[in-house]
Amino acid sequence: MTGSLPVDPAIQPCSRERSFIEVVVVGDDQMPLPDVVLELREPGTSRVVRARTDKRGLFRFRGLSPGRHDVRLPGVDLTLWRPLGWMALESDGTLATEPPWAEPPPEGVMTWTCRGSETVGIVAARLGLRPSRLIEQKLGATPEHDVPLDKGAVLQAEPPPVRWEPVMTGYRQVLHRIGLPVSLVLRLRDDVHGPRGRRPYLLKVTLDTGATLPHRKGTTDEEGRVVELLPPTASSGELLLDLGAGAPLKTKLRFAALPVPSEDEGLQPRLENLGYPCGGERGAPGPHTRAALQWFQYASGLPITGAPDADTRLLLFALHQS
């Protein structure tokens with residue numbers, strides 16, 4: 001009988017980890033950023049392997065040839081990320097095959113179709129670009145930074161210049177994603193509009209990819225405020241507030257830029273974020289919104305009319321700070 005002998009899989013040479021590189025991405029607060037896309041380039045070629053950071057802001061590229069490789073944040077403006085430093089690591093002994101190197105996808109014009117209420121700053125943060133690089137297709141120019149964009153508006157940008165950072169196998173490279181995260185400030189009030197100060201809370205955050213961040217525990221300040229930092233890809237969440245007895249108070253959250261307060265649609269979200277509930281009303285003020293406006297005007301020393309006059313809208317914008 002001719003032919004090669006069958007190979008017993010139990011005695012095959014095992015795939016061994018040649019070496020590895022670990023990359024951690026942090027934000028402006030030096031905290032890890034999850035779900036950030038990384039790209040590692042094979043030495044001497046244009047082939048890359050792509051990955052996403054985990055909940056610890058980390059990814060370990062395994063099975064690498066010992067020596068120098070290059071790493072970058074693909075699609076992110078080169079002025080919005082930088083290396084912070086590196087440290088030597090010991091192998092954890094995990095066996096690994098060579099990673100699936102492949103030619104990177106071609107980089108064409110970056111496009112974003114607005115879902116409604118985003119500003120150019122929010123879109124730029126999501127895409128990893130400077131706002132000045134974004135052009136609204138209809139205008140042929142960069143929109144004003146603080147004005148919400150119309151639903152369906154199309155923003156475009158040429159891909160940013162490419163920059164790679166060298167890193168050696170056996171080391172951890174820390175990258176700083178500049179300009180992240182963004183701030184969430186939420187004020188909680190009781191039934192008589194007193195601040196729910198010094199109350200423990202649990203914040204759950206979901207990204208637009210469907211991934212969830214580790215739950216965050218905290219305590220409201222004296223004014224009943226929750227202040228947290230979020231990645232720009234945060235899309236929704238839930239806040240559980242401990243009232244000291246019984247079930248916690250649950251509040252569903254949706255993260256988005258708000259319409260300007262000169263429009264009726266911009267009133268209720270700002271009032272609610274400042275602790276004046278509007279009973280779910282949106283748009284033209286109904287009875288719940290008018291009651292919330294009266295409480296806001298009373299607390300702010302304005303004439304108590306329940307009407308969204310110019311002074312009320314201006315103060316609402318100034319106090320909300322967005």
# chains A, B, ... in the order shown; residues from 1 in each chain; ligands from 1
$ residues_around --residues "Glu281 in chain A" --least-positions-apart "5" --cutoff "12 Å" --atoms "only C-alpha atoms" --output "list in words"
Asp264, Glu265, Gly266, Leu267, Gln268, Pro269, Leu271, Glu272, Gly286, Pro287, His288, Thr289, Arg290, Ala291 and Ala292 of chain A
$ closest_atom_pairs --of "range 152-209 of chain A" --to "range 226-230 of chain A" --cutoff "10 Å" --atoms "only C-alpha atoms" --output "tab-separated table"
residue	atom	partner	partner_atom	distance
A:Leu180	CA	A:Leu230	CA	7.9
A:Pro181	CA	A:Leu230	CA	5.1
A:Val182	CA	A:Leu230	CA	5.1
A:Ser183	CA	A:Leu229	CA	4.5
A:Leu184	CA	A:Glu228	CA	5.1
A:Val185	CA	A:Val227	CA	4.6
A:Leu186	CA	A:Val226	CA	5.0
A:Arg187	CA	A:Val226	CA	6.2
A:Leu188	CA	A:Val226	CA	7.8
A:Gly197	CA	A:Val226	CA	9.7
A:Arg199	CA	A:Val226	CA	9.8
A:Pro200	CA	A:Val226	CA	9.9
A:Tyr201	CA	A:Val226	CA	8.5
A:Leu203	CA	A:Glu228	CA	9.0
A:Val205	CA	A:Leu230	CA	8.4
A:Leu207	CA	A:Leu230	CA	9.6
$ write_last_selection --atoms "N, CA and C atoms" --output "tab-separated table (two decimals), in the first residue's frame"
chain	number	residue	atom	x	y	z
A	180	LEU	N	-11.59	61.89	24.27
A	180	LEU	CA	-12.59	60.99	24.79
A	180	LEU	C	-12.30	60.76	26.27
A	181	PRO	N	-13.33	60.46	27.06
A	181	PRO	CA	-14.73	60.34	26.68
A	181	PRO	C	-15.45	61.68	26.79
A	182	VAL	N	-16.78	61.64	26.64
A	182	VAL	CA	-17.62	62.82	26.81
A	182	VAL	C	-18.34	62.71	28.15
A	183	SER	N	-18.93	63.81	28.59
A	183	SER	CA	-19.51	63.86	29.94
A	183	SER	C	-21.02	63.67	29.92
A	184	LEU	N	-21.51	62.93	30.92
A	184	LEU	CA	-22.93	62.84	31.22
A	184	LEU	C	-23.15	63.54	32.56
A	185	VAL	N	-24.03	64.52	32.57
A	185	VAL	CA	-24.41	65.21	33.81
A	185	VAL	C	-25.93	65.14	33.92
A	186	LEU	N	-26.42	64.50	34.97
A	186	LEU	CA	-27.86	64.30	35.15
A	186	LEU	C	-28.22	64.69	36.58
A	187	ARG	N	-29.25	65.53	36.74
A	187	ARG	CA	-29.68	65.97	38.07
A	187	ARG	C	-30.99	65.27	38.42
A	188	LEU	N	-31.06	64.69	39.61
A	188	LEU	CA	-32.23	63.93	40.06
A	188	LEU	C	-32.92	64.67	41.20
A	197	GLY	N	-29.92	64.18	46.91
A	197	GLY	CA	-28.49	64.25	47.19
A	197	GLY	C	-27.99	63.08	48.02
A	199	ARG	N	-27.26	59.97	47.30
A	199	ARG	CA	-27.93	58.68	47.13
A	199	ARG	C	-27.05	57.78	46.25
A	200	PRO	N	-26.84	56.54	46.66
A	200	PRO	CA	-26.07	55.60	45.83
A	200	PRO	C	-26.80	55.30	44.52
A	201	TYR	N	-26.04	55.08	43.45
A	201	TYR	CA	-26.65	54.72	42.17
A	201	TYR	C	-25.78	53.69	41.46
A	203	LEU	N	-25.06	52.70	37.36
A	203	LEU	CA	-25.26	53.12	35.98
A	203	LEU	C	-24.86	52.00	35.03
A	205	VAL	N	-24.45	51.09	30.96
A	205	VAL	CA	-24.25	51.79	29.68
A	205	VAL	C	-24.10	50.76	28.56
A	207	LEU	N	-23.29	50.40	24.35
A	207	LEU	CA	-22.72	51.06	23.19
A	207	LEU	C	-23.58	50.81	21.96
$ select_by_dssp --residues "range 126-270 of chain A" --states "helix (DSSP H, G or I)" --output "count of residues only"
12
$ select_by_dssp --residues "range 95-275 of chain A" --states "strand (DSSP E)" --output "PyMOL selection string"
chain A and resi 110-113+135-136+154-157+165-168+171-177+182-187+200-207+216-219+225-230+234-241+249-254
$ residues_around --residues "Thr251 in chain A" --least-positions-apart "2" --cutoff "8 Å" --atoms "only C-alpha atoms" --output "NGL selection string"
:A and (238-240 or 249 or 253)
$ write_last_selection --atoms "all heavy atoms" --output "PDB file, in the first residue's frame"
ATOM      1  N   GLU A 238     -29.218  52.698  31.695  1.00  0.00           N
ATOM      2  CA  GLU A 238     -30.227  52.626  32.750  1.00  0.00           C
ATOM      3  C   GLU A 238     -29.572  53.045  34.054  1.00  0.00           C
ATOM      4  O   GLU A 238     -28.463  52.604  34.372  1.00  0.00           O
ATOM      5  CB  GLU A 238     -30.787  51.208  32.865  1.00  0.00           C
ATOM      6  CG  GLU A 238     -31.898  51.085  33.906  1.00  0.00           C
ATOM      7  CD  GLU A 238     -32.455  49.668  33.990  1.00  0.00           C
ATOM      8  OE1 GLU A 238     -31.678  48.759  34.341  1.00  0.00           O
ATOM      9  OE2 GLU A 238     -33.646  49.478  33.703  1.00  0.00           O
ATOM     10  N   LEU A 239     -30.253  53.908  34.800  1.00  0.00           N
ATOM     11  CA  LEU A 239     -29.764  54.370  36.091  1.00  0.00           C
ATOM     12  C   LEU A 239     -30.667  53.819  37.184  1.00  0.00           C
ATOM     13  O   LEU A 239     -31.888  53.987  37.136  1.00  0.00           O
ATOM     14  CB  LEU A 239     -29.752  55.898  36.143  1.00  0.00           C
ATOM     15  CG  LEU A 239     -29.159  56.501  37.421  1.00  0.00           C
ATOM     16  CD1 LEU A 239     -27.644  56.376  37.409  1.00  0.00           C
ATOM     17  CD2 LEU A 239     -29.566  57.959  37.569  1.00  0.00           C
ATOM     18  N   LEU A 240     -30.061  53.145  38.166  1.00  0.00           N
ATOM     19  CA  LEU A 240     -30.786  52.612  39.317  1.00  0.00           C
ATOM     20  C   LEU A 240     -30.376  53.434  40.528  1.00  0.00           C
ATOM     21  O   LEU A 240     -29.198  53.449  40.910  1.00  0.00           O
ATOM     22  CB  LEU A 240     -30.454  51.137  39.543  1.00  0.00           C
ATOM     23  CG  LEU A 240     -30.696  50.194  38.354  1.00  0.00           C
ATOM     24  CD1 LEU A 240     -30.275  48.773  38.704  1.00  0.00           C
ATOM     25  CD2 LEU A 240     -32.155  50.224  37.937  1.00  0.00           C
ATOM     26  N   LEU A 249     -35.151  53.284  42.210  1.00  0.00           N
ATOM     27  CA  LEU A 249     -35.806  54.060  41.161  1.00  0.00           C
ATOM     28  C   LEU A 249     -35.048  53.836  39.860  1.00  0.00           C
ATOM     29  O   LEU A 249     -33.848  54.081  39.774  1.00  0.00           O
ATOM     30  CB  LEU A 249     -35.796  55.542  41.525  1.00  0.00           C
ATOM     31  CG  LEU A 249     -36.370  56.504  40.481  1.00  0.00           C
ATOM     32  CD1 LEU A 249     -37.865  56.273  40.302  1.00  0.00           C
ATOM     33  CD2 LEU A 249     -36.093  57.951  40.872  1.00  0.00           C
ATOM     34  N   LEU A 253     -32.176  55.736  29.938  1.00  0.00           N
ATOM     35  CA  LEU A 253     -31.414  56.829  29.364  1.00  0.00           C
ATOM     36  C   LEU A 253     -31.142  56.574  27.886  1.00  0.00           C
ATOM     37  O   LEU A 253     -30.924  55.436  27.479  1.00  0.00           O
ATOM     38  CB  LEU A 253     -30.075  56.991  30.086  1.00  0.00           C
ATOM     39  CG  LEU A 253     -30.132  57.211  31.602  1.00  0.00           C
ATOM     40  CD1 LEU A 253     -28.723  57.174  32.185  1.00  0.00           C
ATOM     41  CD2 LEU A 253     -30.810  58.519  31.935  1.00  0.00           C
TER      42      LEU A 253
END
$ closest_residue --among "A:Cys114, A:Val174, A:Leu129, A:Leu319" --to "Val24 in chain A" --atoms "only C-alpha atoms"
A:Val174
$ closest_residue --among "A:Pro74, A:Ser236, A:Ser262, A:Gly283" --to "Thr209 in chain A" --atoms "only C-alpha atoms"
A:Ser236
$ closest_residue --among "A:Glu90, A:Asp54, A:Glu103, A:Glu22" --to "Glu42 in chain A" --atoms "only C-alpha atoms"
A:Glu103
$ closest_residue --among "A:Arg163, A:Lys250, A:Arg282, A:Arg82" --to "Gly27 in chain A" --atoms "only C-alpha atoms"
A:Arg82
$ closest_residue --among "A:Phe59, A:Phe255, A:Phe20, A:Tyr276" --to "Leu95 in chain A" --atoms "only C-alpha atoms"
A:Phe20
$ closest_residue --among "A:Gly93, A:Thr111, A:Arg198, A:Trp81" --to "Ile135 in chain A" --atoms "only C-alpha atoms"
A:Thr111
$ decode --residues "range 274-303 of chain A" --atoms "N, CA and C atoms" --output "short mmCIF file (atom, residue, chain, number, x, y, z; two decimals), in the first residue's frame"
data_model
loop_
_atom_site.label_atom_id
_atom_site.label_comp_id
_atom_site.auth_asym_id
_atom_site.auth_seq_id
_atom_site.Cartn_x
_atom_site.Cartn_y
_atom_site.Cartn_z
N LEU A 274 -32.33 68.40 34.13
CA LEU A 274 -32.13 69.27 35.29
C LEU A 274 -33.05 68.90 36.45
N GLY A 275 -33.86 67.85 36.28
CA GLY A 275 -34.67 67.37 37.39
C GLY A 275 -36.11 67.84 37.39
N TYR A 276 -36.63 68.31 36.25
CA TYR A 276 -38.03 68.78 36.16
C TYR A 276 -38.77 67.90 35.16
N PRO A 277 -39.40 66.81 35.59
CA PRO A 277 -40.03 65.86 34.67
C PRO A 277 -41.18 66.48 33.89
N CYS A 278 -41.30 66.04 32.63
CA CYS A 278 -42.32 66.58 31.73
C CYS A 278 -43.35 65.53 31.34
N GLY A 279 -43.43 64.44 32.08
CA GLY A 279 -44.47 63.44 31.83
C GLY A 279 -44.39 62.78 30.48
N GLY A 280 -43.21 62.73 29.87
CA GLY A 280 -43.06 62.09 28.57
C GLY A 280 -43.45 62.96 27.40
N GLU A 281 -43.85 64.20 27.64
CA GLU A 281 -44.25 65.08 26.54
C GLU A 281 -43.04 65.49 25.70
N ARG A 282 -43.25 65.66 24.41
CA ARG A 282 -42.23 66.15 23.49
C ARG A 282 -42.87 67.12 22.51
N GLY A 283 -42.08 68.13 22.11
CA GLY A 283 -42.61 69.10 21.17
C GLY A 283 -43.35 70.23 21.87
N ALA A 284 -44.50 70.62 21.31
CA ALA A 284 -45.28 71.73 21.88
C ALA A 284 -45.59 71.47 23.34
N PRO A 285 -45.34 72.44 24.25
CA PRO A 285 -45.55 72.22 25.68
C PRO A 285 -47.00 71.86 26.01
N GLY A 286 -47.17 70.73 26.70
CA GLY A 286 -48.46 70.34 27.24
C GLY A 286 -48.54 70.67 28.72
N PRO A 287 -49.54 70.17 29.43
CA PRO A 287 -49.70 70.53 30.85
C PRO A 287 -48.52 70.12 31.72
N HIS A 288 -47.92 68.96 31.45
CA HIS A 288 -46.79 68.52 32.27
C HIS A 288 -45.56 69.39 32.03
N THR A 289 -45.35 69.77 30.75
CA THR A 289 -44.21 70.63 30.45
C THR A 289 -44.40 72.01 31.05
N ARG A 290 -45.63 72.54 31.00
CA ARG A 290 -45.88 73.85 31.58
C ARG A 290 -45.68 73.83 33.10
N ALA A 291 -46.07 72.73 33.74
CA ALA A 291 -45.83 72.60 35.18
C ALA A 291 -44.33 72.54 35.47
N ALA A 292 -43.58 71.80 34.64
CA ALA A 292 -42.13 71.74 34.82
C ALA A 292 -41.50 73.11 34.62
N LEU A 293 -41.99 73.86 33.63
CA LEU A 293 -41.47 75.21 33.40
C LEU A 293 -41.75 76.11 34.60
N GLN A 294 -42.93 75.96 35.23
CA GLN A 294 -43.24 76.77 36.41
C GLN A 294 -42.29 76.48 37.56
N TRP A 295 -42.00 75.17 37.78
CA TRP A 295 -41.06 74.82 38.83
C TRP A 295 -39.67 75.36 38.50
N PHE A 296 -39.26 75.26 37.25
CA PHE A 296 -37.95 75.78 36.84
C PHE A 296 -37.89 77.29 37.02
N GLN A 297 -38.93 77.98 36.62
CA GLN A 297 -38.96 79.44 36.77
C GLN A 297 -38.97 79.84 38.24
N TYR A 298 -39.71 79.09 39.07
CA TYR A 298 -39.75 79.38 40.50
C TYR A 298 -38.35 79.21 41.12
N ALA A 299 -37.67 78.10 40.79
CA ALA A 299 -36.35 77.83 41.35
C ALA A 299 -35.30 78.80 40.83
N SER A 300 -35.54 79.39 39.66
CA SER A 300 -34.54 80.26 39.03
C SER A 300 -34.81 81.73 39.26
N GLY A 301 -35.92 82.08 39.93
CA GLY A 301 -36.23 83.47 40.19
C GLY A 301 -36.82 84.20 39.00
N LEU A 302 -37.38 83.47 38.04
CA LEU A 302 -38.03 84.08 36.88
C LEU A 302 -39.52 84.23 37.14
N PRO A 303 -40.21 85.10 36.41
CA PRO A 303 -41.68 85.17 36.52
C PRO A 303 -42.31 83.80 36.25
#
